[in-house]
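Below: the structure, in structure tokens.
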Amino acid sequence: MTDADELRTAVRDFLAEHDPGGDRLEFLRARFDAGLAWVNYPVGLGGRDAPRALQPVVDAEFAAAGAPDNAPSRNGIGLGMAAPTILRFGTDEQRARYLRPLWTGEEVWCQLFSEPGAGSDLAALATRAVRDSDDWIVEGQKVWTSFAHRAQWAILVARSDPDAPKHKGLTYFVCDMTDPNVDVRPLRQITGEAEFNEVFLNGVRIPDSQRLGEVGQGWQVAMGTLMNERVAIGGGSAGRESGMIGVLAEQWRAHPEARTPGAHDRLLRLWVEAEATRLTGQRLRQQLALGTPGPEGSAVKLAFSRLNQEISGFEVELLGEEGLAYDDWTLRRPENVDFTGRGPGYRYLRAKGNSIEGGTSEVLRNVIAERVLGLPPEIRTDKDVPWKELPR
Amino acid sequence: MSADLLYTEVEEDLRAAVRRVLRDRCEIGSVLARCESGEPYDLALWRTLAGELGVAALAVPEESGGSGAGVRELAVVAEELGRAVAPVPFLGTVLATAALQAAEATEPIPGIAAGERVATVAVGLTTAPSAPLPSGVRAEGGKLTGSVTAVVDLEVADLVLVPATGPDGTGLHLVDTADPGVVRNPVTPLDLTRRFGTLELSGASGELIAADAEPVLRRALLTAAGVLAAEQVGLAQHCLDSTVDYVRTRHQFGRAIGSFQAVKHRLADLWSGVSTARATSRAAADALTREEPDGETELSVALAQAYCSDLAVLAAEESLQLHGGIGMTWEHPVHLYLGRAKSAQLTFGTADRHRARIAELAGLPA
Ligand SMILES: Cc1cc2nc3c(=O)[nH]c(=O)nc-3n(C[C@H](O)[C@H](O)[C@H](O)COP(=O)(O)OP(=O)(O)OC[C@H]3O[C@@H](n4cnc5c(N)ncnc54)[C@H](O)[C@@H]3O)c2cc1C
């Protein structure tokens, strides 16, 4: 059993031999090979089978030494979703091929899941994968794909059997995003910028060796991926007044002329909600660290979406004339969502996506009601019908 | 160090023990029947909880006659008592033991801890921890005269801690309710399971236990407000659980009503609210146990109260609504929960007052 002290010693030994100020990539690769990347992963794949709760110990040691990190915010889908899926469902060859450059950030990943006709109902997706000897030919359109324009690889779910009911005819692949038959186009959002893409798969050839899991088991693999998404959304270990509530509190302090009794009441209600939600997230992380993940993640995501929307709407009102202005409508391609760095109008518009991305609030409520509270599932008329006969 | 928001194994064991006793001895039908009897409180149950499980003196250090656990454990007991809307003099005891401890007055604690004597504190039940304290009692030569309204658990109290103003300021006095100068006037309560009344003193004897009542009472109110948040969480959890059970079995339109999304989504939101309330209540109990710097503890308690008191009312109201007509009947216990939740919303200050205090503590001026 590895404990925190052993890990600290391992990091110090490593730092004694590798200069944190030297070549960044060499350093990160060596850190992976030393089993100090994600400590809960197996030996040989960047880890040492240690409890996941000890990861912060390692990260803190490296940060204190001024070592470069693997820029996790630039590869969120890779680290949060692709990696655990590859670890669980991949072959030994696939794990050895993909995990190291994924962790170091040499290869960025994206996720080809959502389609124009399949959002909440992901299992309805229509992108086709047809077997052609040792390959698959993939044809279809994906949407809302973050990072697609910078990604080397994608995790992809496609329909391999249209005659089977919708959950049973799916297969999961790793898709090469540099393939010339993959066409990535920016999807401009209501904020003016394009965080996301539409991806057209025009007869992309994928070798069968890049299939993850069995043919027809794509839904089970995708569910594994989405479970990891929920865990990831639990959020960082931020302090009081971090995030949007901090921005609002600062605006309040800076604008005494804008204060009214009604506004004060709203501010305090939001402050209380934000602090309470922060503590709920903290409690979730403490449960996760013990290895007993609670379902609080869904509660935090619901609350966080509603709060961000209310806070950002209130901020625009509070600012008066300043609230009428917008900072920048040009089509930009940001690296990640910048809630605190941009203007109030941007925050207001971008926060609207919080209750849609990663599962809508309505769908999350269904999940809580059914999986946590054990209430009866939604009535389904589509479960045993061949996919091709479903109305779309 | 950030707060530990989980429950320890010791706390879970304590919870299980309290829950077992309440299941056997505090079934909801008997609570309802007791409400209209001449003995609304179950003092025999209280003696078991205090004497055998030690719930009365959990947060009192061993050297002062307590069990040396902490407010965290006390809060777990409060959750269970809230689930059962148990008619026992818990809140008065929490106030009194916290005050005695802050005053370093150890002598009465063993009797209170054993459940043999019930104690309370003469402050109005709606007083927020930072609000002005009562000034209706004068002290002259050890004799107390005046009155205090809305004193919790007064009917069953053997001892009352009374703030009284004399020539040397406001001190805290220990008064025996058997004293001929003590009159207790009960008020018919909205919350049938928690009683209060007006204390009238005419030359009653008091033993001075703290020369300055203010810091002692503030500490007592802060502790009790934090513990009350846990009681509110337990109450809300019960309302959620019993409602979920009900909507699974009640059928209309050929389906369980719990299969309708309009019902499912309300309960999912309520569950999220209870999860959030639990996190705030744990943070407050943890801060009170670890004795964080004063402002920090006060902020934690104000936050827990601002969140949990409204959430508990919401839970009881949702429970009533989703039970339909049956929820409006006397026989159905949901009104006991609603009465407790609504009264607890005012207890130690409304959410509004706690938010106003947060504004001061967090630097968000009006
Ligand atoms: C900002 C943003 C980022 C995104 N990032 C990604 C990404 O990185 N990768 C990716 O694959 N996808 C991504 N998505 C897509 C996202 O997952 C989908 O938009 C989402 O699942 C909803 O699907 P939809 O847009 O098709 O809406 P629909 O499914 O058509 O829903 C429309 C409305 O109907 C409601 N509804 C649907 N089904 C039910 C039901 N059973 N009960 C009650 N109400 C229901 C919904 O809640 C919603 O209000 C992103 C979306 C946004 C807006």
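Labels used: A, B, ... for chains in the order of the structure tokens, numbers from 1 for residues in each chain, and numbers from 1 for ligands as shown.
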Taking only C-alpha atoms into account, what are the residues of chain B at most 7 Å from chain A, put as a tab-separated table (two decimals) with N, CA, C and O atoms, in the first residue's frame?
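The result, stored in out-v1.tsv:
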```
chain	number	residue	atom	x	y	z
B	5	LEU	N	-16.41	17.39	6.14
B	5	LEU	CA	-17.86	17.47	5.94
B	5	LEU	C	-18.54	16.11	5.96
B	5	LEU	O	-19.74	16.01	5.72
B	6	LEU	N	-17.77	15.07	6.22
B	6	LEU	CA	-18.36	13.72	6.22
B	6	LEU	C	-18.76	13.34	7.65
B	6	LEU	O	-18.63	14.13	8.57
B	244	VAL	N	-40.95	10.24	-1.05
B	244	VAL	CA	-40.52	9.32	-2.13
B	244	VAL	C	-41.21	7.97	-1.96
B	244	VAL	O	-41.73	7.40	-2.92
B	248	ARG	N	-44.12	6.43	-4.75
B	248	ARG	CA	-43.86	5.16	-5.43
B	248	ARG	C	-45.07	4.23	-5.35
B	248	ARG	O	-45.24	3.38	-6.22
B	258	GLY	N	-45.23	8.87	-8.78
B	258	GLY	CA	-43.79	9.14	-8.84
B	258	GLY	C	-43.19	8.89	-10.20
B	258	GLY	O	-42.00	9.11	-10.41
B	259	SER	N	-43.97	8.43	-11.16
B	259	SER	CA	-43.43	8.26	-12.52
B	259	SER	C	-43.70	9.49	-13.38
B	259	SER	O	-43.20	9.58	-14.49
B	264	LYS	N	-41.33	13.87	-10.28
B	264	LYS	CA	-39.94	13.43	-10.18
B	264	LYS	C	-38.98	14.62	-10.06
B	264	LYS	O	-38.06	14.62	-9.26
B	265	HIS	N	-39.22	15.62	-10.91
B	265	HIS	CA	-38.28	16.75	-10.94
B	265	HIS	C	-38.33	17.56	-9.65
B	265	HIS	O	-37.31	18.04	-9.16
B	267	LEU	N	-38.93	16.34	-6.72
B	267	LEU	CA	-38.23	15.58	-5.70
B	267	LEU	C	-36.72	15.55	-5.96
B	267	LEU	O	-35.93	15.55	-5.02
B	268	ALA	N	-36.34	15.55	-7.23
B	268	ALA	CA	-34.91	15.62	-7.54
B	268	ALA	C	-34.34	16.95	-7.04
B	268	ALA	O	-33.25	16.99	-6.46
B	272	SER	N	-31.49	17.57	-4.13
B	272	SER	CA	-30.31	18.42	-4.28
B	272	SER	C	-30.23	19.41	-3.14
B	272	SER	O	-29.15	19.67	-2.58
B	275	SER	N	-29.02	17.72	0.01
B	275	SER	CA	-27.57	17.46	-0.06
B	275	SER	C	-26.79	18.73	0.27
B	275	SER	O	-25.78	18.70	0.97
B	276	THR	N	-27.27	19.84	-0.26
B	276	THR	CA	-26.59	21.12	-0.03
B	276	THR	C	-26.73	21.54	1.43
B	276	THR	O	-25.76	21.97	2.06
B	279	ALA	N	-24.31	19.71	3.61
B	279	ALA	CA	-22.93	20.21	3.54
B	279	ALA	C	-22.77	21.45	4.41
B	279	ALA	O	-21.78	21.59	5.15
B	280	THR	N	-23.75	22.36	4.37
B	280	THR	CA	-23.61	23.58	5.19
B	280	THR	C	-23.71	23.26	6.67
B	280	THR	O	-23.02	23.84	7.49
B	303	LEU	N	-24.45	30.84	7.65
B	303	LEU	CA	-24.69	30.23	6.35
B	303	LEU	C	-25.61	29.01	6.49
B	303	LEU	O	-26.57	28.85	5.73
B	355	ARG	N	-28.70	36.29	6.72
B	355	ARG	CA	-28.07	36.88	5.53
B	355	ARG	C	-27.54	38.28	5.86
B	355	ARG	O	-26.47	38.66	5.38
B	359	ALA	N	-23.74	39.58	5.47
B	359	ALA	CA	-23.33	40.81	4.77
B	359	ALA	C	-22.25	41.53	5.56
B	359	ALA	O	-21.27	42.02	5.00
B	364	LEU	N	-20.12	42.72	2.52
B	364	LEU	CA	-21.03	43.01	1.40
B	364	LEU	C	-22.08	44.02	1.89
B	364	LEU	O	-23.23	43.67	2.13
B	366	ALA	N	-24.85	46.97	2.63
B	366	ALA	CA	-26.10	47.36	1.97
B	366	ALA	C	-25.91	48.67	1.23
B	366	ALA	O	-25.10	49.49	1.61
```
Could you pull out the alpha helix (DSSP H) residues of stretch 108-234 of chain B, going by DSSP on the backbone, and write them as a list in words?
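Matching residues for alpha helix (DSSP H) in stretch 108-234 of chain B are Ile109, Pro110, Gly111, Ile112, Ala113, Ala213, Glu214, Pro215, Val216, Leu217, Arg218, Arg219, Ala220, Leu221, Leu222, Thr223, Ala224, Ala225, Gly226, Val227, Leu228, Ala229, Ala230, Glu231, Gln232, Val233 and Gly234 of chain B.
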Report, in Å to a single decimal, how far apart atom CA of A:Phe14 and atom CA of A:Val57 are.
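Calculated distance between atom CA of A:Val57 and atom CA of A:Phe14 is 14.5 Å.
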Quick one: everything within 7 Å of A:Pro20, counting only C-alpha atoms, minus sequence neighbours fewer than 5 positions away in the same chain. Send it as a PyMOL selection string.
chain A and resi 27+66-68
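Contacts with ligand 1 are defined as any residue atom within 7 Å of a ligand atom, using only C-alpha atoms and all ligand atoms; the residues meeting this criterion are Gln111, Leu112, Phe113, Ser114, Pro116, Gly117, Ala118, Gly119, Ser120, Asp121, Val143, Trp144, Thr145, Ser146, Gly353, Asn354, Ile356, Glu357, Gly358, Gly359, Thr360, Ser361, Glu362, Val363 and Asn366 of chain A.
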Would you export the selected residues with C-alpha atoms as a short mmCIF file (atom, residue, chain, number, x, y, z; two decimals), in the first residue's frame, please?
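This went into again10.cif:
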```cif
data_model
loop_
_atom_site.label_atom_id
_atom_site.label_comp_id
_atom_site.auth_asym_id
_atom_site.auth_seq_id
_atom_site.Cartn_x
_atom_site.Cartn_y
_atom_site.Cartn_z
CA GLN A 111 -15.21 13.37 -28.21
CA LEU A 112 -17.41 12.63 -31.21
CA PHE A 113 -20.65 11.86 -29.42
CA SER A 114 -23.44 14.46 -29.90
CA PRO A 116 -27.66 17.29 -34.61
CA GLY A 117 -30.40 14.67 -34.11
CA ALA A 118 -29.04 12.99 -30.98
CA GLY A 119 -28.35 15.15 -27.93
CA SER A 120 -30.13 14.13 -24.75
CA ASP A 121 -31.01 10.90 -26.50
CA VAL A 143 -21.76 18.60 -33.40
CA TRP A 144 -20.64 20.58 -30.30
CA THR A 145 -17.23 18.97 -30.47
CA SER A 146 -14.86 20.82 -28.15
CA GLY A 353 -24.83 26.66 -21.89
CA ASN A 354 -24.21 25.35 -18.36
CA ILE A 356 -27.37 22.18 -21.52
CA GLU A 357 -23.78 20.88 -21.81
CA GLY A 358 -22.87 17.60 -20.15
CA GLY A 359 -26.53 16.61 -19.80
CA THR A 360 -29.38 19.12 -19.55
CA SER A 361 -30.83 20.03 -16.17
CA GLU A 362 -34.02 18.18 -17.08
CA VAL A 363 -32.12 15.02 -17.90
CA ASN A 366 -34.45 12.36 -14.34
#
```
As a PyMOL selection string, please: every residue in stretch 235-300 of chain B that DSSP puts in strand (DSSP E).
chain B and resi 251-252+255-256
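Of note, atom CA of A:Asp132 and atom CA of A:Gly213 are spaced 18.1 Å apart.
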